[in-house]
$ cat start-v5.cif   # mmCIF, C-alpha atoms
data_target
#
loop_
_atom_site.group_PDB
_atom_site.id
_atom_site.type_symbol
_atom_site.label_atom_id
_atom_site.label_comp_id
_atom_site.auth_asym_id
_atom_site.auth_seq_id
_atom_site.Cartn_x
_atom_site.Cartn_y
_atom_site.Cartn_z
ATOM 1 C CA MET A 1 -93.175 67.919 5.810
ATOM 2 C CA LYS A 2 -93.734 71.638 6.164
ATOM 3 C CA LYS A 3 -91.127 71.752 8.973
ATOM 4 C CA LEU A 4 -88.514 69.977 6.847
ATOM 5 C CA SER A 5 -89.120 72.206 3.838
ATOM 6 C CA ALA A 6 -88.678 75.252 6.070
ATOM 7 C CA ARG A 7 -85.233 74.039 6.984
ATOM 8 C CA ARG A 8 -84.081 73.659 3.404
ATOM 9 C CA ARG A 9 -80.993 75.732 2.435
ATOM 10 C CA HIS A 10 -81.416 79.038 0.729
ATOM 11 C CA PRO A 11 -80.511 78.940 -2.986
ATOM 12 C CA LEU A 12 -77.700 81.500 -2.430
ATOM 13 C CA ALA A 13 -76.102 79.533 0.388
ATOM 14 C CA ALA A 14 -73.810 77.653 -1.990
ATOM 15 C CA VAL A 15 -72.642 80.951 -3.512
ATOM 16 C CA VAL A 16 -71.834 82.350 -0.072
ATOM 17 C CA VAL A 17 -69.861 79.238 0.868
ATOM 18 C CA LEU A 18 -67.921 79.464 -2.396
ATOM 19 C CA LEU A 19 -67.060 83.117 -1.769
ATOM 20 C CA PHE A 20 -65.818 82.308 1.724
ATOM 21 C CA ALA A 21 -63.674 79.508 0.295
ATOM 22 C CA LEU A 22 -62.142 81.795 -2.299
ATOM 23 C CA ALA A 23 -61.438 84.445 0.338
ATOM 24 C CA ALA A 24 -59.780 81.864 2.554
ATOM 25 C CA THR A 25 -57.667 80.644 -0.359
ATOM 26 C CA GLY A 26 -56.601 84.205 -1.164
ATOM 27 C CA GLY A 27 -55.710 84.795 2.468
ATOM 28 C CA LEU A 28 -53.599 81.668 2.547
ATOM 29 C CA TYR A 29 -51.856 82.720 -0.660
ATOM 30 C CA ALA A 30 -51.165 86.163 0.728
ATOM 31 C CA ALA A 31 -49.792 84.574 3.889
ATOM 32 C CA PHE A 32 -47.564 82.015 2.203
ATOM 33 C CA ALA A 33 -46.585 83.660 -1.127
ATOM 34 C CA PRO A 34 -44.180 86.239 0.386
ATOM 35 C CA ALA A 35 -42.515 83.492 2.371
ATOM 36 C CA ASP A 36 -42.138 81.408 -0.774
ATOM 37 C CA LYS A 37 -40.660 84.361 -2.650
ATOM 38 C CA ALA A 38 -38.252 85.157 0.171
ATOM 39 C CA GLN A 39 -37.222 81.510 0.318
ATOM 40 C CA ALA A 40 -36.668 81.477 -3.454
ATOM 41 C CA ASP A 41 -34.538 84.635 -3.265
ATOM 42 C CA GLU A 42 -32.524 83.154 -0.419
ATOM 43 C CA THR A 43 -31.980 79.964 -2.396
ATOM 44 C CA ALA A 44 -30.859 81.914 -5.462
ATOM 45 C CA GLN A 45 -28.457 83.952 -3.317
ATOM 46 C CA SER A 46 -27.039 80.781 -1.766
ATOM 47 C CA LEU A 47 -26.480 79.291 -5.226
ATOM 48 C CA ALA A 48 -24.764 82.490 -6.391
ATOM 49 C CA ILE A 49 -22.468 82.414 -3.356
ATOM 50 C CA GLU A 50 -21.679 78.738 -3.966
ATOM 51 C CA GLU A 51 -20.819 79.341 -7.629
ATOM 52 C CA GLY A 52 -18.854 82.452 -6.707
ATOM 53 C CA LYS A 53 -16.776 80.466 -4.232
ATOM 54 C CA LYS A 54 -15.847 78.016 -6.999
ATOM 55 C CA LEU A 55 -14.738 80.878 -9.251
ATOM 56 C CA TYR A 56 -12.840 82.443 -6.362
ATOM 57 C CA THR A 57 -10.999 79.211 -5.572
ATOM 58 C CA VAL A 58 -9.755 78.949 -9.161
ATOM 59 C CA GLY A 59 -8.925 82.591 -9.924
ATOM 60 C CA CYS A 60 -8.343 84.431 -6.651
ATOM 61 C CA ALA A 61 -7.446 82.153 -3.732
ATOM 62 C CA SER A 62 -3.769 81.800 -4.670
ATOM 63 C CA CYS A 63 -3.196 85.480 -3.811
ATOM 64 C CA HIS A 64 -6.032 86.385 -1.430
ATOM 65 C CA GLY A 65 -6.204 83.154 0.579
ATOM 66 C CA THR A 66 -8.705 80.325 0.588
ATOM 67 C CA GLY A 67 -11.132 82.295 2.759
ATOM 68 C CA GLY A 68 -10.343 85.788 1.511
ATOM 69 C CA GLN A 69 -8.211 86.475 4.578
ATOM 70 C CA GLY A 70 -5.314 87.743 2.466
ATOM 71 C CA THR A 71 -1.698 86.617 2.034
ATOM 72 C CA THR A 72 1.664 88.229 1.406
ATOM 73 C CA ASP A 73 0.699 88.377 -2.286
ATOM 74 C CA GLY A 74 -2.745 89.947 -1.876
ATOM 75 C CA PRO A 75 -4.767 91.914 0.687
ATOM 76 C CA SER A 76 -7.715 90.626 2.676
ATOM 77 C CA LEU A 77 -11.073 90.790 0.904
ATOM 78 C CA VAL A 78 -13.172 90.575 4.050
ATOM 79 C CA GLY A 79 -15.392 93.663 4.139
ATOM 80 C CA VAL A 80 -14.469 95.095 0.716
ATOM 81 C CA GLY A 81 -18.045 94.506 -0.493
ATOM 82 C CA SER A 82 -19.533 93.607 -3.856
ATOM 83 C CA ALA A 83 -18.837 97.048 -5.363
ATOM 84 C CA ALA A 84 -15.067 96.553 -5.091
ATOM 85 C CA VAL A 85 -15.283 93.143 -6.750
ATOM 86 C CA ASP A 86 -17.461 94.447 -9.572
ATOM 87 C CA PHE A 87 -15.036 97.321 -10.226
ATOM 88 C CA GLN A 88 -11.803 95.341 -10.058
ATOM 89 C CA VAL A 89 -13.002 92.341 -12.069
ATOM 90 C CA SER A 90 -15.121 94.230 -14.625
ATOM 91 C CA THR A 91 -12.181 96.483 -15.513
ATOM 92 C CA GLY A 92 -9.844 93.503 -15.824
ATOM 93 C CA ARG A 93 -7.571 94.631 -13.016
ATOM 94 C CA MET A 94 -8.315 91.389 -11.226
ATOM 95 C CA PRO A 95 -7.133 88.696 -11.462
ATOM 96 C CA ALA A 96 -3.759 90.437 -11.751
ATOM 97 C CA GLN A 97 -1.283 89.168 -14.329
ATOM 98 C CA GLN A 98 1.757 89.962 -12.200
ATOM 99 C CA PRO A 99 2.613 91.946 -9.064
ATOM 100 C CA GLY A 100 3.704 95.542 -9.467
ATOM 101 C CA ALA A 101 3.416 99.070 -8.174
ATOM 102 C CA GLN A 102 -0.074 99.287 -9.659
ATOM 103 C CA VAL A 103 -2.360 96.833 -11.420
ATOM 104 C CA PRO A 104 -3.351 98.205 -14.860
ATOM 105 C CA LYS A 105 -6.709 97.985 -16.563
ATOM 106 C CA LYS A 106 -7.082 95.191 -19.130
ATOM 107 C CA PRO A 107 -9.871 93.183 -20.835
ATOM 108 C CA ASN A 108 -11.809 91.150 -18.272
ATOM 109 C CA ILE A 109 -12.092 87.374 -18.511
ATOM 110 C CA TYR A 110 -15.450 86.898 -16.762
ATOM 111 C CA THR A 111 -19.042 87.352 -17.853
ATOM 112 C CA GLN A 112 -21.259 89.721 -15.873
ATOM 113 C CA ALA A 113 -23.098 86.731 -14.400
ATOM 114 C CA GLN A 114 -19.811 85.305 -13.129
ATOM 115 C CA ILE A 115 -18.796 88.709 -11.745
ATOM 116 C CA ASP A 116 -22.118 88.873 -9.879
ATOM 117 C CA GLN A 117 -21.443 85.430 -8.408
ATOM 118 C CA LEU A 118 -17.938 86.425 -7.321
ATOM 119 C CA SER A 119 -19.362 89.610 -5.822
ATOM 120 C CA ALA A 120 -21.973 87.621 -3.905
ATOM 121 C CA TYR A 121 -19.331 85.339 -2.422
ATOM 122 C CA ILE A 122 -16.979 88.163 -1.386
ATOM 123 C CA ALA A 123 -19.913 90.118 0.066
ATOM 124 C CA SER A 124 -20.796 87.082 2.185
ATOM 125 C CA LEU A 125 -17.386 87.303 3.889
ATOM 126 C CA GLY A 126 -18.171 90.664 5.457
ATOM 127 C CA ALA A 127 -20.333 93.752 4.961
ATOM 128 C CA GLY A 128 -19.001 96.382 2.550
ATOM 129 C CA PRO A 129 -20.032 98.814 -0.214
ATOM 130 C CA ILE A 130 -22.804 97.349 -2.366
ATOM 131 C CA THR A 131 -22.746 97.404 -6.167
ATOM 132 C CA PRO A 132 -24.697 100.544 -7.173
ATOM 133 C CA THR A 133 -27.902 100.477 -9.181
ATOM 134 C CA GLU A 134 -28.337 102.358 -12.451
ATOM 135 C CA LYS A 135 -30.461 104.933 -10.654
ATOM 136 C CA GLN A 136 -27.579 105.734 -8.302
ATOM 137 C CA TYR A 137 -25.001 106.523 -10.995
ATOM 138 C CA SER A 138 -27.340 107.984 -13.619
ATOM 139 C CA VAL A 139 -26.390 111.584 -14.467
ATOM 140 C CA GLU A 140 -29.973 112.603 -15.172
ATOM 141 C CA GLY A 141 -30.633 115.878 -13.370
ATOM 142 C CA ALA A 142 -27.013 116.163 -12.177
ATOM 143 C CA SER A 143 -25.199 119.526 -11.974
ATOM 144 C CA VAL A 144 -22.101 119.683 -14.169
ATOM 145 C CA ALA A 145 -21.021 122.983 -12.604
ATOM 146 C CA ASN A 146 -21.177 121.611 -9.058
ATOM 147 C CA GLY A 147 -19.489 118.424 -10.237
ATOM 148 C CA GLY A 148 -16.628 120.468 -11.683
ATOM 149 C CA GLU A 149 -16.092 122.270 -8.396
ATOM 150 C CA LEU A 150 -16.186 119.004 -6.441
ATOM 151 C CA PHE A 151 -13.803 117.353 -8.893
ATOM 152 C CA ARG A 152 -11.276 120.197 -8.711
ATOM 153 C CA ASN A 153 -11.377 120.126 -4.902
ATOM 154 C CA ASN A 154 -11.217 116.361 -4.425
ATOM 155 C CA CYS A 155 -9.879 114.662 -7.554
ATOM 156 C CA ALA A 156 -7.819 117.012 -9.729
ATOM 157 C CA GLN A 157 -4.707 116.697 -7.550
ATOM 158 C CA CYS A 158 -4.210 113.192 -8.963
ATOM 159 C CA HIS A 159 -6.447 112.854 -12.026
ATOM 160 C CA ASN A 160 -5.721 116.323 -13.433
ATOM 161 C CA PHE A 161 -8.350 118.973 -14.086
ATOM 162 C CA THR A 162 -10.232 117.100 -16.794
ATOM 163 C CA GLY A 163 -9.532 113.562 -15.612
ATOM 164 C CA GLU A 164 -6.634 112.874 -17.961
ATOM 165 C CA GLY A 165 -4.663 111.174 -15.201
ATOM 166 C CA GLY A 166 -1.197 111.828 -13.892
ATOM 167 C CA ALA A 167 1.920 110.312 -12.354
ATOM 168 C CA LEU A 168 2.228 109.569 -8.647
ATOM 169 C CA THR A 169 5.182 108.347 -6.571
ATOM 170 C CA HIS A 170 7.027 105.000 -6.707
ATOM 171 C CA GLY A 171 5.734 104.020 -10.154
ATOM 172 C CA LYS A 172 2.080 104.573 -9.293
ATOM 173 C CA TYR A 173 -0.313 106.727 -11.299
ATOM 174 C CA ALA A 174 -3.848 108.070 -11.442
ATOM 175 C CA PRO A 175 -5.472 106.584 -14.560
ATOM 176 C CA SER A 176 -7.304 108.577 -17.191
ATOM 177 C CA LEU A 177 -11.070 108.772 -16.702
ATOM 178 C CA ALA A 178 -11.829 109.169 -20.407
ATOM 179 C CA GLY A 179 -14.075 106.343 -21.561
ATOM 180 C CA VAL A 180 -14.669 104.986 -18.048
ATOM 181 C CA SER A 181 -18.316 104.062 -17.484
ATOM 182 C CA GLU A 182 -20.530 105.909 -15.019
ATOM 183 C CA LYS A 183 -20.896 102.747 -12.953
ATOM 184 C CA HIS A 184 -17.150 102.244 -12.570
ATOM 185 C CA ILE A 185 -16.538 105.889 -11.642
ATOM 186 C CA TYR A 186 -19.192 105.582 -8.947
ATOM 187 C CA GLU A 187 -17.715 102.308 -7.673
ATOM 188 C CA ALA A 188 -14.224 103.828 -7.577
ATOM 189 C CA MET A 189 -15.511 106.655 -5.390
ATOM 190 C CA GLN A 190 -17.291 104.104 -3.192
ATOM 191 C CA THR A 191 -14.364 101.766 -2.679
ATOM 192 C CA GLY A 192 -11.152 103.753 -3.231
ATOM 193 C CA PRO A 193 -9.201 101.271 -5.388
ATOM 194 C CA GLN A 194 -5.417 101.042 -5.038
ATOM 195 C CA ASN A 195 -4.056 104.548 -4.257
ATOM 196 C CA MET A 196 -7.380 106.349 -4.369
ATOM 197 C CA PRO A 197 -9.166 107.382 -1.144
ATOM 198 C CA SER A 198 -12.756 106.217 -0.701
ATOM 199 C CA PHE A 199 -15.719 108.585 -0.599
ATOM 200 C CA PRO A 200 -18.611 106.831 1.175
ATOM 201 C CA ASP A 201 -22.036 108.458 1.335
ATOM 202 C CA THR A 202 -21.201 109.812 4.795
ATOM 203 C CA THR A 203 -18.338 111.797 3.231
ATOM 204 C CA MET A 204 -19.737 112.468 -0.239
ATOM 205 C CA PRO A 205 -23.510 111.984 -0.724
ATOM 206 C CA GLU A 206 -24.904 110.151 -3.721
ATOM 207 C CA LYS A 207 -26.020 113.420 -5.355
ATOM 208 C CA GLU A 208 -22.477 114.815 -5.308
ATOM 209 C CA LYS A 209 -21.085 111.612 -6.803
ATOM 210 C CA LYS A 210 -23.566 111.931 -9.653
ATOM 211 C CA ASP A 211 -22.507 115.554 -10.190
ATOM 212 C CA ILE A 212 -18.855 114.521 -10.455
ATOM 213 C CA ILE A 213 -19.722 111.780 -12.943
ATOM 214 C CA ALA A 214 -21.683 114.293 -15.020
ATOM 215 C CA TYR A 215 -18.670 116.653 -15.076
ATOM 216 C CA VAL A 216 -16.196 113.920 -16.067
ATOM 217 C CA LYS A 217 -18.438 112.611 -18.846
ATOM 218 C CA THR A 218 -19.080 116.156 -20.119
ATOM 219 C CA VAL A 219 -15.462 117.370 -20.321
ATOM 220 C CA ASN A 220 -14.409 114.109 -21.974
ATOM 221 C CA GLY A 221 -17.437 113.875 -24.254
ATOM 222 C CA ASP A 222 -17.425 114.154 -28.042
ATOM 223 C CA GLN A 223 -19.507 117.330 -27.920
ATOM 224 C CA THR A 224 -17.007 119.239 -25.793
ATOM 225 C CA VAL A 225 -15.357 121.966 -27.892
ATOM 226 C CA ASN A 226 -11.559 122.182 -27.737
ATOM 227 C CA PRO A 227 -10.358 125.632 -28.841
ATOM 228 C CA GLY A 228 -6.989 124.189 -29.806
ATOM 229 C CA GLY A 229 -3.492 124.637 -28.531
ATOM 230 C CA LEU A 230 -1.617 122.501 -26.040
ATOM 231 C CA LYS A 231 -4.048 121.074 -23.499
ATOM 232 C CA LEU A 232 -1.410 120.511 -20.798
ATOM 233 C CA GLY A 233 -3.825 118.479 -18.740
ATOM 234 C CA GLY A 234 -6.766 120.732 -19.452
ATOM 235 C CA LEU A 235 -5.437 123.549 -17.293
ATOM 236 C CA GLY A 236 -6.326 126.115 -19.928
ATOM 237 C CA PRO A 237 -4.629 129.153 -21.533
ATOM 238 C CA VAL A 238 -2.841 130.231 -18.335
ATOM 239 C CA THR A 239 -0.418 127.322 -18.488
ATOM 240 C CA GLU A 240 -0.032 127.730 -22.229
ATOM 241 C CA GLY A 241 0.932 131.367 -21.660
ATOM 242 C CA LEU A 242 3.331 130.393 -18.884
ATOM 243 C CA PHE A 243 4.880 127.763 -21.141
ATOM 244 C CA ALA A 244 5.346 130.331 -23.911
ATOM 245 C CA TRP A 245 6.674 132.938 -21.485
ATOM 246 C CA ILE A 246 9.331 130.658 -19.951
ATOM 247 C CA PHE A 247 10.583 129.138 -23.180
ATOM 248 C CA GLY A 248 10.093 132.308 -25.192
ATOM 249 C CA LEU A 249 11.965 134.374 -22.643
ATOM 250 C CA GLY A 250 14.688 131.734 -22.482
ATOM 251 C CA ALA A 251 15.056 131.846 -26.254
ATOM 252 C CA LEU A 252 15.308 135.665 -26.204
ATOM 253 C CA ILE A 253 18.010 135.526 -23.514
ATOM 254 C CA ALA A 254 19.966 132.958 -25.543
ATOM 255 C CA VAL A 255 19.724 135.158 -28.654
ATOM 256 C CA ALA A 256 20.821 138.231 -26.669
ATOM 257 C CA ILE A 257 23.864 136.373 -25.306
ATOM 258 C CA TRP A 258 24.770 135.167 -28.773
ATOM 259 C CA VAL A 259 24.480 138.672 -30.244
ATOM 260 C CA ALA A 260 26.515 140.183 -27.406
ATOM 261 C CA ALA A 261 29.254 137.600 -27.786
ATOM 262 C CA HIS A 262 29.508 138.114 -31.538
ATOM 263 C CA THR A 263 29.445 141.917 -31.166
ATOM 264 C CA ALA A 264 32.322 141.834 -28.678
ATOM 265 C CA LYS A 265 34.264 139.522 -31.000
ATOM 266 C CA ALA A 266 33.644 141.852 -33.946
ATOM 267 C CA LYS A 267 34.937 144.865 -31.970
ATOM 268 C CA LYS A 268 38.141 143.061 -31.033
ATOM 269 C CA SER A 269 38.827 142.208 -34.623
#
$ encode --input "start-v5.cif" --output "structure tokens"
Amino acid sequence: MKKLSARRRHPLAAVVVLLFALAATGGLYAAFAPADKAQADETAQSLAIEEGKKLYTVGCASCHGTGGQGTTDGPSLVGVGSAAVDFQVSTGRMPAQQPGAQVPKKPNIYTQAQIDQLSAYIASLGAGPITPTEKQYSVEGASVANGGELFRNNCAQCHNFTGEGGALTHGKYAPSLAGVSEKHIYEAMQTGPQNMPSFPDTTMPEKEKKDIIAYVKTVNGDQTVNPGGLKLGGLGPVTEGLFAWIFGLGALIAVAIWVAAHTAKAKKS
């Protein structure tokens, strides 16, 4: 009896076994939970692509082809990325109402959830620029001065010095940037829509894009003071002076000719 009682379990043995069981359960959770989350994300992405394909078939396939390969009525969408889809559809440029030299901006017909689904489907056709996050296009900490210099060197030739837009050739134009959201300006620089060249991060880093956005939003903001006069695309008083000089001088020459003609006529009489 003494030998059997010596072999009895210690009172804390059950506690130790319970702790080991909990640790094992936690280890199993840690091992399988990430896999479950990854599988859930993959499933959600697959569903988004599936729904996006349905939307694409109804609203886009007639011009861009059933597989996004492009047709005579629309370019290929393989490799344009989700950023291009988000920009074109969110601004209402796509689906286009009719062919033309340039597709204008108009109210969009899709919800943001539908745009995300379309973007997911187009992105699945080939790698391309990804829709930016809010952190990427936020102007917090951006340099307006540097953005102005970058804008004048890279954008003003088409969009004018303050982003008011301007005419191009063959009925095309650079649209005004007033009222355009930070996200869409960033996406336009990423993807180069229509006649605009693209500025990937290898050409223009994210920081410089943010600086340009800060400049555009500042010069077109409500707090920007306009001293008056003709803006002439925001070029400033130099062009206003040139305008006055040319037309003012022309008016003086016309007056001088008129006076001379009437003086000669008066002498003859």
$ resolve_selection --input "start-v5.cif" --expression "the PyMOL selection byres ((chain A and resi 72-86) around 7)" --output "list in words"
Cys63, His64, Gly68, Gln69, Gly70, Thr71, Phe87, Gln88, Val89, Ser90, Ile115, Ser119, Ala120, Ile122, Ala123, Leu125, Gly126, Ala127, Gly128, Pro129, Ile130, Thr131, Glu187 and Thr191 of chain A
$ resolve_selection --input "start-v5.cif" --expression "the PyMOL selection byres ((chain A and resi 211) around 6)" --output "ChimeraX atom specification"
/A:142-144,147,208-210,212-214
$ resolve_selection --input "start-v5.cif" --expression "the PyMOL selection byres ((chain A and resi 177) around 10)" --output "list of chain:residue names"
A:His159, A:Asn160, A:Thr162, A:Gly163, A:Glu164, A:Gly165, A:Ala174, A:Pro175, A:Ser176, A:Ala178, A:Gly179, A:Val180, A:Ser181, A:His184, A:Ile185, A:Ile213, A:Val216, A:Lys217, A:Asn220
$ closest_residue --input "start-v5.cif" --among "A:Ala256, A:Ala44, A:Met94, A:Ala167" --to "A:Tyr110" --atoms "all atoms listed in the file"
A:Met94
$ closest_residue --input "start-v5.cif" --among "A:Gly166, A:Pro200, A:Gly221, A:Gly52" --to "A:Gln117" --atoms "only C-alpha atoms"
A:Gly52
$ atom_distance --input "start-v5.cif" --atom1 "atom CA of A:Gln97" --atom2 "atom CA of A:Gln157"
28.6 Å
$ build_atoms --input "start-v5.cif" --residues "stretch 120-134 of chain A" --atoms "N, CA and C atoms" --output "short mmCIF file (atom, residue, chain, number, x, y, z; two decimals), in the frame of the given file"
data_model
loop_
_atom_site.label_atom_id
_atom_site.label_comp_id
_atom_site.auth_asym_id
_atom_site.auth_seq_id
_atom_site.Cartn_x
_atom_site.Cartn_y
_atom_site.Cartn_z
N ALA A 120 -21.12 88.18 -4.96
CA ALA A 120 -21.97 87.62 -3.90
C ALA A 120 -21.14 86.86 -2.89
N TYR A 121 -20.16 86.10 -3.35
CA TYR A 121 -19.33 85.34 -2.42
C TYR A 121 -18.48 86.26 -1.55
N ILE A 122 -17.82 87.24 -2.16
CA ILE A 122 -16.98 88.16 -1.39
C ILE A 122 -17.83 88.97 -0.40
N ALA A 123 -19.02 89.37 -0.83
CA ALA A 123 -19.91 90.12 0.07
C ALA A 123 -20.33 89.28 1.26
N SER A 124 -20.39 87.96 1.08
CA SER A 124 -20.80 87.08 2.18
C SER A 124 -19.71 86.97 3.25
N LEU A 125 -18.49 87.38 2.93
CA LEU A 125 -17.39 87.30 3.89
C LEU A 125 -17.43 88.44 4.91
N GLY A 126 -18.10 89.52 4.56
CA GLY A 126 -18.17 90.66 5.46
C GLY A 126 -18.85 91.83 4.77
N ALA A 127 -19.58 92.63 5.54
CA ALA A 127 -20.33 93.75 4.96
C ALA A 127 -19.39 94.80 4.37
N GLY A 128 -19.79 95.36 3.23
CA GLY A 128 -19.00 96.38 2.55
C GLY A 128 -19.86 97.12 1.55
N PRO A 129 -19.27 98.06 0.78
CA PRO A 129 -20.03 98.81 -0.21
C PRO A 129 -20.72 97.90 -1.22
N ILE A 130 -21.99 98.18 -1.48
CA ILE A 130 -22.80 97.35 -2.37
C ILE A 130 -22.75 97.90 -3.78
N THR A 131 -22.74 97.00 -4.76
CA THR A 131 -22.75 97.40 -6.17
C THR A 131 -23.90 98.36 -6.43
N PRO A 132 -23.63 99.55 -7.00
CA PRO A 132 -24.70 100.54 -7.17
C PRO A 132 -25.69 100.15 -8.26
N THR A 133 -26.89 100.67 -8.15
CA THR A 133 -27.90 100.48 -9.18
C THR A 133 -27.76 101.57 -10.24
N GLU A 134 -28.41 101.36 -11.37
CA GLU A 134 -28.34 102.36 -12.45
C GLU A 134 -28.88 103.71 -12.00
#
